[in-house]
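**Q** Got a file for you: upload-v1.cif, mmCIF, C-alpha atoms.
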```cif
data_target
loop_
_atom_site.label_atom_id
_atom_site.label_comp_id
_atom_site.auth_asym_id
_atom_site.auth_seq_id
_atom_site.Cartn_x
_atom_site.Cartn_y
_atom_site.Cartn_z
CA MET M 87 0.00 0.00 0.00
CA ARG M 88 1.22 3.38 -0.96
CA GLN M 89 2.13 5.60 1.97
CA VAL M 90 0.84 9.17 2.04
CA THR M 91 3.62 11.57 2.89
CA LYS M 92 3.31 14.58 5.13
CA PRO M 93 3.84 17.18 2.37
CA THR M 94 1.07 15.63 0.32
CA ILE M 95 -1.32 15.91 3.26
CA LEU M 96 -0.33 19.52 3.80
CA ILE M 97 -0.83 20.36 0.13
CA ALA M 98 -4.21 18.66 0.16
CA LEU M 99 -5.26 20.59 3.24
CA ALA M 100 -4.10 23.88 1.67
CA VAL M 101 -6.07 23.20 -1.51
CA ALA M 102 -9.15 22.31 0.56
CA ALA M 103 -8.79 25.52 2.56
CA ILE M 104 -8.50 27.62 -0.57
CA CYS M 105 -11.56 25.94 -2.10
CA ALA M 106 -13.53 26.47 1.10
CA GLY M 107 -12.49 30.12 1.16
CA VAL M 108 -13.61 30.63 -2.44
CA TRP M 109 -16.90 28.85 -1.75
CA ILE M 110 -17.57 30.97 1.36
CA ALA M 111 -16.74 34.14 -0.52
CA GLN M 112 -19.11 33.17 -3.35
CA ALA M 113 -21.84 32.21 -0.90
CA SER M 114 -21.58 35.48 0.99
CA ASP M 115 -21.49 37.65 -2.18
CA PRO M 116 -24.84 39.51 -2.26
CA GLY M 117 -24.76 39.67 -6.05
CA PRO M 118 -24.50 42.73 -8.22
CA ALA M 119 -24.81 46.01 -6.32
CA ALA M 120 -26.79 47.58 -9.16
CA THR M 121 -29.88 45.87 -10.45
CA TYR M 122 -33.36 46.69 -11.64
CA ARG M 123 -36.92 45.66 -11.02
CA THR M 124 -40.33 46.37 -12.49
CA ARG M 125 -43.55 47.41 -10.90
CA VAL M 126 -47.00 48.17 -12.26
CA ILE M 127 -48.75 51.38 -11.25
CA ASP M 128 -52.24 52.10 -12.62
CA GLN M 129 -51.75 49.36 -15.24
CA ARG M 130 -48.54 51.06 -16.39
CA GLU M 131 -45.18 49.34 -16.12
CA GLU M 132 -42.38 51.23 -14.49
CA GLY M 133 -38.74 50.32 -14.05
CA GLU M 134 -36.63 50.97 -11.00
CA VAL M 135 -32.87 51.11 -10.79
CA VAL M 136 -31.91 49.60 -7.45
CA VAL M 137 -28.45 50.19 -5.99
CA ASN M 138 -27.44 48.43 -2.81
CA GLY M 139 -31.09 47.80 -2.05
CA GLN M 140 -32.17 51.42 -2.55
CA VAL M 141 -34.32 52.67 -5.41
CA ALA M 142 -32.22 55.40 -6.95
CA ILE M 143 -34.02 56.05 -10.24
CA ARG M 144 -37.60 55.41 -11.19
CA ILE M 145 -38.29 55.16 -14.92
CA ARG M 146 -41.89 55.78 -15.83
CA SER M 147 -42.01 55.52 -19.60
CA ALA M 148 -40.65 53.72 -22.61
CA ALA M 149 -38.25 55.53 -24.91
CA GLY M 150 -35.96 54.77 -27.84
CA GLY M 151 -37.65 51.44 -28.45
CA TYR M 152 -37.06 50.26 -24.90
CA SER M 153 -39.72 49.68 -22.29
CA ALA M 154 -39.38 51.32 -18.89
CA ALA M 155 -38.11 48.05 -17.42
CA GLU M 156 -35.63 47.58 -20.25
CA ARG M 157 -34.35 51.09 -19.72
CA ALA M 158 -33.90 50.39 -16.03
CA LYS M 159 -32.02 47.22 -16.93
CA ARG M 160 -29.70 49.08 -19.30
CA VAL M 161 -28.98 51.71 -16.68
CA SER M 162 -28.23 49.11 -14.03
CA GLU M 163 -25.92 47.25 -16.44
CA ARG M 164 -24.04 50.42 -17.34
CA LEU M 165 -23.73 51.25 -13.68
CA GLU M 166 -22.56 47.76 -12.81
CA GLU M 167 -19.97 47.92 -15.55
CA ALA M 168 -18.70 51.27 -14.31
CA MET M 169 -18.58 49.96 -10.73
CA ALA M 170 -16.54 46.97 -11.88
CA LYS M 171 -14.00 49.48 -13.16
CA GLY M 172 -13.78 51.11 -9.75
CA LEU M 173 -16.41 53.86 -10.02
CA LYS M 174 -16.53 56.10 -6.94
CA PRO M 175 -19.73 57.87 -5.78
CA SER M 176 -18.16 61.26 -6.48
CA GLN M 177 -17.69 60.30 -10.12
CA ILE M 178 -21.45 60.17 -10.70
CA THR M 179 -22.46 63.58 -11.92
CA ALA M 180 -25.23 65.46 -13.70
CA GLY M 181 -24.25 66.79 -17.09
CA THR M 182 -25.33 66.68 -20.70
CA ALA M 183 -25.22 64.01 -23.36
CA ASN M 184 -26.30 64.67 -26.94
CA GLY M 185 -27.64 68.02 -25.84
CA GLU M 186 -29.88 66.56 -23.15
CA ALA M 187 -29.57 66.65 -19.39
CA ALA M 188 -28.12 63.35 -18.25
CA VAL M 189 -26.59 61.37 -15.43
CA LEU M 190 -22.98 60.49 -16.12
CA ALA M 191 -20.71 57.89 -14.56
CA ASN M 192 -17.13 59.08 -14.80
CA GLY M 193 -18.14 61.10 -17.83
CA LEU M 194 -20.00 58.27 -19.58
CA LEU M 195 -23.75 58.32 -20.12
CA LEU M 196 -25.85 56.42 -17.62
CA MET M 197 -29.24 57.86 -18.45
CA THR M 198 -30.79 60.97 -19.94
CA ALA M 199 -33.21 63.00 -17.85
CA ASP M 200 -35.84 63.55 -20.52
CA ARG M 201 -38.52 66.19 -20.58
CA PHE M 202 -41.32 63.72 -19.91
CA HIS M 203 -39.78 62.51 -16.68
CA ALA M 204 -38.93 66.03 -15.67
CA GLN M 205 -42.52 67.17 -16.20
CA THR M 206 -43.91 64.09 -14.49
CA ASN M 207 -41.76 64.91 -11.50
CA GLY M 208 -42.61 68.57 -11.69
CA THR M 209 -39.09 69.73 -12.31
CA ALA M 210 -36.62 70.69 -15.01
CA PRO M 211 -34.53 68.02 -16.79
CA GLU M 212 -31.30 69.50 -15.41
CA ARG M 213 -32.65 69.39 -11.90
CA LEU M 214 -33.96 65.86 -12.32
CA ALA M 215 -30.54 64.72 -13.57
CA ALA M 216 -28.97 66.30 -10.51
CA THR M 217 -31.50 64.58 -8.26
CA TRP M 218 -30.89 61.17 -9.81
CA ALA M 219 -27.13 61.63 -9.68
CA GLY M 220 -27.39 62.56 -6.00
CA ASN M 221 -29.51 59.50 -5.30
CA LEU M 222 -27.01 57.23 -7.02
CA ARG M 223 -24.11 58.76 -5.13
CA ARG M 224 -25.89 58.24 -1.85
CA ALA M 225 -26.86 54.67 -2.70
CA LEU M 226 -23.22 53.98 -3.47
CA GLY M 227 -22.13 55.31 -0.11
CA GLY M 228 -22.27 59.08 -0.48
CA LYS M 229 -23.87 61.31 2.13
CA GLU M 230 -26.62 63.03 0.18
CA PRO M 231 -30.30 62.64 1.05
CA MET M 232 -32.52 60.60 -1.24
CA THR M 233 -35.15 62.75 -2.86
CA GLU M 234 -36.94 61.54 -5.99
CA PRO M 235 -37.76 57.94 -4.98
CA ALA M 236 -39.12 59.30 -1.72
CA LEU M 237 -41.82 61.03 -3.72
CA GLY M 238 -44.42 58.35 -3.30
CA ALA M 239 -44.12 58.27 0.45
CA ALA M 240 -43.91 62.02 0.78
CA ALA M 241 -46.90 62.57 -1.46
CA ALA M 242 -48.91 59.96 0.36
CA ARG M 243 -48.02 61.69 3.60
CA ALA M 244 -49.07 65.04 2.16
CA ASN M 245 -52.41 63.60 1.13
CA SER M 246 -53.07 61.68 4.30
CA GLU M 247 -52.20 64.46 6.71
CA PRO M 248 -55.12 66.38 8.12
CA ILE M 249 -54.95 69.69 6.36
CA GLY M 250 -57.21 71.74 8.50
CA GLY M 251 -54.76 72.08 11.40
CA SER M 252 -52.53 75.09 11.14
CA GLY M 253 -54.39 76.72 8.33
CA GLY M 254 -57.80 76.88 9.97
CA GLN M 255 -61.00 76.60 7.99
CA MET M 256 -59.57 77.79 4.70
CA ALA M 257 -56.90 75.10 4.73
CA ALA M 258 -59.59 72.51 4.17
CA ASN M 259 -59.72 73.62 0.55
CA VAL M 260 -56.11 72.74 -0.22
CA THR M 261 -55.78 70.56 -3.31
CA ALA M 262 -52.57 68.55 -3.74
CA SER M 263 -52.15 65.58 -6.00
CA PRO M 264 -49.59 62.81 -5.38
CA LYS M 265 -47.21 63.99 -8.05
CA HIS M 266 -47.38 67.59 -6.90
CA ASN M 267 -45.13 67.67 -3.94
CA SER M 268 -42.59 69.97 -2.44
CA PRO M 269 -39.43 67.94 -3.07
CA TYR M 270 -39.80 68.99 -6.68
CA TRP M 271 -40.62 72.63 -6.20
CA SER M 272 -38.90 73.94 -3.14
CA ASP M 273 -40.15 77.41 -3.89
CA TRP M 274 -42.66 78.99 -6.25
CA SER M 275 -42.07 82.50 -5.06
CA THR M 276 -38.42 83.37 -4.77
CA GLY M 277 -35.26 82.90 -6.75
CA ALA M 278 -35.76 85.00 -9.85
CA LYS M 279 -38.30 87.51 -11.14
CA LYS M 280 -39.03 88.99 -14.49
CA TYR M 281 -41.74 90.90 -16.33
CA VAL M 282 -43.54 89.29 -19.25
CA PRO M 283 -46.58 90.32 -21.29
CA ILE M 284 -50.08 89.19 -20.34
CA VAL M 285 -52.20 88.18 -23.28
CA SER M 286 -55.86 87.99 -22.49
CA VAL M 287 -58.27 86.04 -24.63
CA GLY M 288 -61.96 85.59 -23.97
CA SER M 289 -62.76 88.88 -22.31
CA PRO M 290 -64.39 91.90 -23.98
CA GLY M 291 -61.67 93.75 -25.82
CA VAL M 292 -58.02 92.89 -25.98
CA ALA M 293 -56.14 93.67 -22.82
CA ILE M 294 -52.41 93.86 -22.92
CA GLY M 295 -50.49 94.28 -19.73
CA ALA M 296 -47.53 92.83 -17.99
CA ALA M 297 -47.04 90.46 -15.11
CA GLN M 298 -44.14 89.84 -12.84
CA VAL M 299 -43.44 86.11 -12.61
CA GLN M 300 -41.35 84.55 -9.90
CA GLY M 301 -39.81 81.17 -9.14
CA PRO M 302 -36.64 79.14 -9.60
CA ALA M 303 -34.25 80.90 -11.99
CA ALA M 304 -34.15 77.99 -14.45
CA GLN M 305 -37.95 78.02 -14.72
CA VAL M 306 -38.41 81.76 -14.83
CA ALA M 307 -35.95 81.90 -17.72
CA LYS M 308 -38.35 79.76 -19.78
CA VAL M 309 -41.39 82.00 -19.25
CA LYS M 310 -42.23 84.09 -22.31
CA ALA M 311 -45.69 85.31 -21.38
CA VAL M 312 -48.60 84.89 -19.00
CA ALA M 313 -51.78 83.59 -20.57
CA GLU M 314 -54.98 84.87 -19.00
CA LEU M 315 -57.90 82.46 -19.14
CA ILE M 316 -61.40 83.33 -18.02
CA VAL M 317 -63.37 80.73 -16.10
CA THR M 318 -66.87 81.38 -14.75
CA LEU M 319 -68.80 79.53 -12.07
CA LYS M 320 -72.46 79.73 -11.02
CA GLY M 321 -73.48 81.83 -13.98
CA ASP M 322 -71.42 84.95 -13.68
CA ALA M 323 -71.29 85.03 -9.88
CA PHE M 324 -67.64 83.96 -9.91
CA ARG M 325 -65.53 85.31 -12.72
CA MET M 326 -62.07 83.83 -12.42
CA LYS M 327 -59.05 85.15 -14.26
CA VAL M 328 -56.49 82.39 -14.33
CA TYR M 329 -52.88 83.33 -14.98
CA VAL M 330 -50.64 80.70 -16.53
CA PRO M 331 -46.91 81.30 -17.07
CA VAL M 332 -46.24 79.87 -20.53
CA ASP M 333 -43.22 79.16 -22.69
CA SER M 334 -44.56 80.85 -25.80
CA ILE M 335 -46.32 84.04 -26.75
CA SER M 336 -48.59 82.03 -29.05
CA LEU M 337 -51.86 81.21 -27.32
CA THR M 338 -52.67 78.40 -29.72
CA ASN M 339 -49.68 76.29 -28.84
CA PHE M 340 -48.23 76.87 -25.42
CA HIS M 341 -47.06 74.88 -22.45
CA ARG M 342 -47.23 75.83 -18.82
CA VAL M 343 -43.92 76.50 -17.15
CA GLN M 344 -44.18 74.74 -13.81
CA GLY M 345 -42.79 76.09 -10.56
CA CYS M 346 -43.50 79.72 -11.43
CA SER M 347 -46.27 82.00 -10.29
CA VAL M 348 -47.47 85.55 -10.76
CA ALA M 349 -46.41 88.10 -8.15
CA ALA M 350 -47.68 91.36 -9.59
CA PHE M 351 -49.66 92.86 -12.44
CA VAL M 352 -49.08 95.98 -14.47
CA ASP M 353 -52.18 97.12 -16.32
CA ILE M 354 -52.02 98.98 -19.59
CA ARG M 355 -55.30 98.80 -21.47
CA VAL M 356 -54.58 99.86 -25.02
CA LEU M 357 -57.74 98.78 -26.81
CA LYS M 358 -61.22 98.35 -25.48
CA LEU M 359 -64.00 97.17 -27.75
CA MET Q 264 -104.97 122.56 23.94
CA ARG Q 265 -104.10 118.98 23.71
CA THR Q 266 -100.41 118.23 23.27
CA PHE Q 267 -98.87 115.10 21.80
CA ARG Q 268 -96.23 113.54 24.00
CA MET Q 269 -93.92 110.95 22.60
CA LYS Q 270 -92.82 108.07 24.78
CA LYS Q 271 -89.13 108.29 25.75
CA PRO Q 272 -87.91 104.91 24.41
CA LEU Q 273 -89.46 105.55 21.00
CA MET Q 274 -87.94 109.01 20.89
CA TRP Q 275 -84.44 107.71 21.61
CA THR Q 276 -84.82 105.04 18.96
CA LEU Q 277 -85.76 107.63 16.37
CA VAL Q 278 -82.84 109.85 17.38
CA ALA Q 279 -80.43 106.92 17.08
CA ALA Q 280 -81.82 105.99 13.67
CA LEU Q 281 -81.49 109.57 12.42
CA LEU Q 282 -77.94 109.75 13.72
CA ALA Q 283 -76.99 106.48 12.04
CA LEU Q 284 -78.56 107.62 8.78
CA SER Q 285 -76.73 110.94 8.85
CA VAL Q 286 -73.39 109.30 9.63
CA SER Q 287 -73.81 106.74 6.89
CA THR Q 288 -74.74 109.47 4.43
CA ALA Q 289 -71.78 111.61 5.49
CA VAL Q 290 -69.23 108.89 4.80
CA ALA Q 291 -71.11 107.84 1.67
CA LEU Q 292 -71.19 104.18 2.54
CA ASP Q 293 -72.46 101.96 -0.20
CA LEU Q 294 -74.57 99.27 1.46
CA GLY Q 295 -73.82 96.85 -1.37
CA SER Q 296 -70.11 97.29 -0.90
CA VAL Q 297 -70.38 96.81 2.84
CA LEU Q 298 -72.35 93.63 2.39
CA LYS Q 299 -69.90 92.43 -0.20
CA VAL Q 300 -66.94 93.00 2.08
CA LEU Q 301 -68.66 91.21 4.95
CA ALA Q 302 -69.82 88.41 2.71
CA ILE Q 303 -66.60 87.62 0.86
CA GLY Q 304 -64.97 85.85 3.77
CA THR Q 305 -68.03 83.64 4.18
CA ILE Q 306 -68.43 83.09 0.45
CA VAL Q 307 -64.81 82.04 0.03
CA SER Q 308 -65.16 79.61 2.91
CA GLU Q 309 -68.35 78.24 1.37
CA TYR Q 310 -67.42 78.15 -2.31
CA GLY Q 311 -63.61 78.12 -2.16
CA GLY Q 312 -63.42 74.40 -2.90
CA GLN Q 313 -65.73 74.68 -5.91
CA MET Q 314 -63.79 77.62 -7.29
CA ASP Q 315 -60.53 75.75 -6.83
CA LYS Q 316 -61.90 72.70 -8.66
CA ALA Q 317 -63.34 74.80 -11.47
CA ILE Q 318 -59.99 76.51 -12.08
CA ASN Q 319 -57.98 73.31 -11.88
CA GLY Q 320 -60.48 71.54 -14.13
CA ALA Q 321 -60.28 74.25 -16.78
CA LEU Q 322 -56.49 74.10 -16.66
CA LYS Q 323 -56.47 70.33 -16.84
CA GLU Q 324 -58.57 70.46 -20.02
CA ARG Q 325 -55.82 72.58 -21.53
CA GLN Q 326 -53.07 70.39 -20.06
CA ALA Q 327 -51.89 73.41 -18.11
CA GLU Q 328 -52.63 72.23 -14.58
CA ALA Q 329 -50.20 73.48 -11.97
CA MET Q 330 -47.97 70.89 -10.34
CA GLY Q 331 -48.40 72.23 -6.86
CA ALA Q 332 -51.00 72.49 -4.13
CA THR Q 333 -53.73 75.07 -4.70
CA LYS Q 334 -56.26 76.86 -2.53
CA VAL Q 335 -58.70 79.77 -2.82
CA VAL Q 336 -58.39 82.55 -0.25
CA PRO Q 337 -59.82 86.08 0.09
CA ILE Q 338 -57.96 89.07 -1.29
CA LEU Q 339 -57.28 91.64 1.39
CA SER Q 340 -56.81 95.23 0.29
CA VAL Q 341 -53.95 96.52 2.41
CA GLY Q 342 -54.89 100.17 1.94
CA ARG Q 343 -58.57 99.69 2.81
CA GLY Q 344 -58.23 96.78 5.21
CA VAL Q 345 -61.14 94.88 3.71
CA PHE Q 346 -61.70 91.83 1.53
CA ILE Q 347 -62.21 92.80 -2.09
CA GLY Q 348 -62.26 89.45 -3.88
CA ALA Q 349 -60.64 86.05 -3.89
CA ALA Q 350 -57.53 84.48 -5.34
CA GLN Q 351 -56.24 81.01 -6.00
CA VAL Q 352 -52.75 80.47 -4.67
CA VAL Q 353 -50.36 77.75 -5.82
CA GLY Q 354 -47.15 76.37 -4.42
CA VAL Q 355 -45.55 74.04 -1.94
CA PRO Q 356 -48.31 72.13 -0.05
CA GLU Q 357 -46.88 72.92 3.38
CA SER Q 358 -46.79 76.62 2.54
CA VAL Q 359 -50.17 76.71 0.81
CA ARG Q 360 -51.76 75.30 3.97
CA ILE Q 361 -50.78 78.30 6.05
CA VAL Q 362 -51.90 80.95 3.56
CA GLN Q 363 -55.04 82.71 4.83
CA ALA Q 364 -55.35 85.59 2.38
CA VAL Q 365 -53.65 87.43 -0.44
CA ALA Q 366 -52.70 90.97 0.43
CA GLN Q 367 -53.16 93.34 -2.50
CA ILE Q 368 -51.09 96.48 -2.71
CA GLU Q 369 -51.83 98.94 -5.48
CA THR Q 370 -49.25 101.34 -6.81
CA ARG Q 371 -49.29 103.83 -9.63
CA PHE Q 372 -46.49 105.05 -11.87
CA GLY Q 373 -48.00 107.86 -13.87
CA GLU Q 374 -50.49 106.31 -16.25
CA VAL Q 375 -49.42 102.78 -15.44
CA SER Q 376 -50.94 101.04 -12.44
CA GLY Q 377 -49.40 98.12 -10.65
CA THR Q 378 -50.92 95.54 -8.33
CA LEU Q 379 -48.70 93.52 -6.04
CA MET Q 380 -50.19 90.26 -4.73
CA VAL Q 381 -48.65 88.83 -1.59
CA PRO Q 382 -49.91 85.55 -0.03
CA VAL Q 383 -50.03 86.06 3.74
CA SER Q 384 -50.74 83.86 6.75
CA THR Q 385 -53.26 86.18 8.38
CA ARG Q 386 -56.62 87.73 7.56
CA LYS Q 387 -55.94 90.83 9.60
CA PRO Q 388 -54.85 93.88 7.66
CA ALA Q 389 -51.30 95.04 8.16
CA SER Q 390 -49.38 98.03 6.89
CA GLU Q 391 -47.24 97.58 3.82
CA LYS Q 392 -44.10 97.73 5.95
CA GLN Q 393 -45.31 95.01 8.32
CA LEU Q 394 -46.49 92.76 5.53
CA LYS Q 395 -44.67 89.44 5.44
CA GLY Q 396 -45.42 87.06 2.59
CA VAL Q 397 -45.52 83.27 2.78
CA SER Q 398 -42.52 81.91 0.94
CA GLY Q 399 -43.09 79.21 -1.63
CA VAL Q 400 -46.54 80.37 -2.73
CA GLY Q 401 -47.69 82.49 -5.64
CA VAL Q 402 -50.96 83.65 -7.14
CA SER Q 403 -52.47 81.65 -9.98
CA ALA Q 404 -55.91 83.20 -10.35
CA VAL Q 405 -57.86 86.28 -9.34
CA ILE Q 406 -61.60 85.89 -8.74
CA ASP Q 407 -64.23 88.59 -8.97
CA ILE Q 408 -67.27 87.79 -6.85
CA ASN Q 409 -70.66 89.16 -7.83
CA VAL Q 410 -72.59 88.82 -4.58
CA GLY Q 411 -75.85 89.89 -6.22
CA LYS Q 412 -75.83 86.91 -8.58
CA LEU Q 413 -75.39 84.27 -5.90
#
```
Could you take the file, read its structure, and then write that structure out as structure tokens?

**A**
Amino acid sequence: MRQVTKPTILIALAVAAICAGVWIAQASDPGPAATYRTRVIDQREEGEVVVNGQVAIRIRSAAGGYSAAERAKRVSERLEEAMAKGLKPSQITAGTANGEAAVLANGLLLMTADRFHAQTNGTAPERLAATWAGNLRRALGGKEPMTEPALGAAAARANSEPIGGSGGQMAANVTASPKHNSPYWSDWSTGAKKYVPIVSVGSPGVAIGAAQVQGPAAQVAKVKAVAELIVTLKGDAFRMKVYVPVDSISLTNFHRVQGCSVAAFVDIRVLKL
Amino acid sequence: MRTFRMKKPLMWTLVAALLALSVSTAVALDLGSVLKVLAIGTIVSEYGGQMDKAINGALKERQAEAMGATKVVPILSVGRGVFIGAAQVVGVPESVRIVQAVAQIETRFGEVSGTLMVPVSTRKPASEKQLKGVSGVGVSAVIDINVGKL
């Protein structure tokens, strides 16, 4: 019978120890740090980019031939690839790619912050990119507070809170929808101001005046005019002049600029029919 | 000769009524305006929700709904210290909740008139210098109320 020597036993033990170490390491590996998942809200599929267990980006629509979930998958794959190359949280930044606001990982595109998502979140694309970048940095170990994914909880809280408390009887009339929450518009009243023309349609005569609009500088810069709409209620008992900051002087094709409001009016009636 | 003697309580009532009439005539008070001022606070409390919904509904039809909390409050004329209408305010929900009125300050630069609208957290009139606006809230609509048509 062949005799087993001491060195052979030692080598065998060393190999076994190495194998055990590798096996333990593989067993304890939690898997990729960046992944994605899908969820269905109001019969609409959404994709979520999850980093270290935290939802950092929520993708609400398809684009470029990819579904929301597929987009989330692509983002998580790009992120995983960048992390494999030693990406640090500070290297995730907001910038531009192909002329659009985007989240970049060490200068490479992770995801564009498109206009749809910005409007859905009640913010500007640049600001949304900054929010997403901040969320990713935090999820990867940075020290910034999560903002955008907290929307659902914050909005639910805003809707579930009794609203009559500090505001008295009038506060009971507050209307706030889930997507309309403060994390997106920290301020509708300060930041920047400018004067724009008011174009009134629907009232006797043509009134031309000016309004001072106020709000975040990036939003105020987009305002080209204030559209005045007339809404009546209970016959003519309530005649409501609604002022909408818009991105175009044309009243046939305009879009509201969110986050801005009117602070003052300057009246110059030049023609009265 | 028989003399007519008026009872004292009746006499004092007539004197008080004449005094009230003369005072009201002297300051040229318009009863309609007085009623309107007194009624606006109540009307806004009663119909504020409907007005808010009507405005938001009209904006939604045009895909121009504001992404912020909204509420209808009375407009308080700072110079006169009375309610003169109503306004819809828009902004951060936490800030919109505390708004109680919109203070209106009118200014004039020659032929051009200006109207400053400041959301405030009180319904009591304050001087322009003491006026402190609620940050995070702006005005989105101005509402004329015709009390006579209600």

**Q** Find the residues of chain Q that sit at most 6 Å from chain M; for each, write down the nearest two atoms and how far apart they are in Å, to one decimal. Count all atoms listed in the file. Sort by chain, then by number going up, and give it as a Markdown table.

**A**
```
| residue | atom | partner | partner_atom | distance |
| --- | --- | --- | --- | --- |
| Q:Gly312 | CA | M:Asn259 | CA | 5.1 |
| Q:Ala327 | CA | M:Arg342 | CA | 5.3 |
| Q:Met330 | CA | M:His266 | CA | 4.8 |
| Q:Gly331 | CA | M:His266 | CA | 4.8 |
| Q:Ala332 | CA | M:Ala262 | CA | 4.3 |
| Q:Thr333 | CA | M:Thr261 | CA | 5.1 |
| Q:Lys334 | CA | M:Val260 | CA | 4.7 |
| Q:Gly354 | CA | M:Trp274 | CA | 5.5 |
| Q:Val355 | CA | M:Ser268 | CA | 5.1 |
| Q:Arg360 | CA | M:Ala257 | CA | 5.2 |
| Q:Ile361 | CA | M:Gly253 | CA | 4.6 |
| Q:Ser376 | CA | M:Asp353 | CA | 5.7 |
| Q:Gly377 | CA | M:Val352 | CA | 4.4 |
| Q:Thr378 | CA | M:Phe351 | CA | 5.1 |
| Q:Leu379 | CA | M:Ala350 | CA | 4.3 |
| Q:Met380 | CA | M:Ala349 | CA | 5.5 |
| Q:Gly399 | CA | M:Asp273 | CA | 4.1 |
| Q:Val400 | CA | M:Trp274 | CA | 5.4 |
| Q:Gly401 | CA | M:Ser347 | CA | 4.9 |
| Q:Val402 | CA | M:Val348 | CA | 5.4 |
| Q:Ser403 | CA | M:Tyr329 | CA | 5.3 |
| Q:Ala404 | CA | M:Val328 | CA | 4.1 |
| Q:Val405 | CA | M:Lys327 | CA | 5.2 |
| Q:Ile406 | CA | M:Met326 | CA | 4.2 |
| Q:Asp407 | CA | M:Arg325 | CA | 5.1 |
| Q:Ile408 | CA | M:Phe324 | CA | 4.9 |
| Q:Asn409 | CA | M:Ala323 | CA | 4.7 |
| Q:Lys412 | CA | M:Ala323 | CA | 5.1 |
| Q:Leu413 | CA | M:Ala323 | CA | 5.8 |
```

**Q** Take the PyMOL selection byres ((chain M and resi 182-199) around 9), apply it to the structure above, and return the hits as a ChimeraX atom specification.

**A** /M:157,160-162,164-165,168,173-181,200-204,210-216,218-219

**Q** One decimal, in Å: what's the spacing between atom CA of Ala303 of chain M and atom CA of Thr217 of chain M?

**A**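 Those two atoms sit 17.0 Å apart.
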
**Q** Every residue with an atom at most 9 Å from (-32.4, 85.2, -11.0) (file coordinates; only C-alpha atoms) is what I'm after, so could you write them as a list in words?

**A**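 Applying the cut-off with only C-alpha atoms, one gets Thr276, Gly277, Ala278, Lys279, Lys280, Gly301, Pro302, Ala303, Ala304, Val306 and Ala307 of chain M.
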
**Q** Go ahead and dump the residues you just picked, C-alpha atoms, as a PDB file, in the frame of the given file.

**A**
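Saved file result15.pdb follows:
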```pdb
ATOM      1  CA  THR M 276     -38.420  83.370  -4.770  1.00  0.00           C
ATOM      2  CA  GLY M 277     -35.260  82.900  -6.750  1.00  0.00           C
ATOM      3  CA  ALA M 278     -35.760  85.000  -9.850  1.00  0.00           C
ATOM      4  CA  LYS M 279     -38.300  87.510 -11.140  1.00  0.00           C
ATOM      5  CA  LYS M 280     -39.030  88.990 -14.490  1.00  0.00           C
ATOM      6  CA  GLY M 301     -39.810  81.170  -9.140  1.00  0.00           C
ATOM      7  CA  PRO M 302     -36.640  79.140  -9.600  1.00  0.00           C
ATOM      8  CA  ALA M 303     -34.250  80.900 -11.990  1.00  0.00           C
ATOM      9  CA  ALA M 304     -34.150  77.990 -14.450  1.00  0.00           C
ATOM     10  CA  VAL M 306     -38.410  81.760 -14.830  1.00  0.00           C
ATOM     11  CA  ALA M 307     -35.950  81.900 -17.720  1.00  0.00           C
TER      12      ALA M 307
END
```

**Q** Between atom CA of Ile306 of chain Q and atom CA of Val335 of chain Q, what is the distance, to one decimal in Å?

**A**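 Taking atom CA of Ile306 of chain Q as the start and atom CA of Val335 of chain Q as the end point, the length is 10.8 Å.
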
**Q** In Å to one decimal, how far is atom CA of Tyr122 of chain M from atom CA of Val137 of chain M?

**A** 8.3 Å

**Q** Any chance you could work out the axis-aligned box around segment 194-197 of chain M, listed atoms only, 8 Å on each side, giving centre and edge lengths in Å to one decimal, as lines of an AutoDock Vina configuration file?

**A**
```
center_x = -24.6
center_y = 57.4
center_z = -18.9
size_x = 25.2
size_y = 17.9
size_z = 18.5
```

**Q** Check the smallest atom-to-atom distance from each of Q:Ile347, Q:Val383, Q:Val353, Q:Val341 to Thr370 of chain Q using all atoms listed in the file, then report the winner.

**A**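 Selected residue with least distance to Thr370 of chain Q: Q:Val341.
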
**Q** Neighbouring residues of Ala119 of chain M were defined as those with any atom within 8 Å, considering only C-alpha atoms; residues of the same chain fewer than 5 positions away were excluded. Please report them as a PyMOL selection string.

**A** chain M and resi 137-139+166

**Q** Counting only C-alpha atoms, which residues sit no farther than 7 Å from the position (-35.2, 57.4, -10.2) in the file's frame? I'd like them as a list in words.

**A** Glu134, Val135, Val141, Ala142, Ile143, Arg144, Ile145, Trp218, Glu234 and Pro235 of chain M

**Q** Using all atoms listed in the file, which protein or nucleic acid residues come within 7 Å of Pro382 of chain Q? Drop anything in the same chain fewer than 5 positions from it, and give the result as a PyMOL selection string.

**A** chain Q and resi 362+364-366+396-397+400-401

**Q** Since we have the selection now, will you write its residues out, keeping C-alpha atoms, as a compact mmCIF listing (two decimals), in the coordinates of the input?

**A**
```txt
# COMPACT_ATOMS: atom_id res chain seq x y z
CA VAL Q 362 -51.90 80.95 3.56
CA ALA Q 364 -55.35 85.59 2.38
CA VAL Q 365 -53.65 87.43 -0.44
CA ALA Q 366 -52.70 90.97 0.43
CA GLY Q 396 -45.42 87.06 2.59
CA VAL Q 397 -45.52 83.27 2.78
CA VAL Q 400 -46.54 80.37 -2.73
CA GLY Q 401 -47.69 82.49 -5.64
```
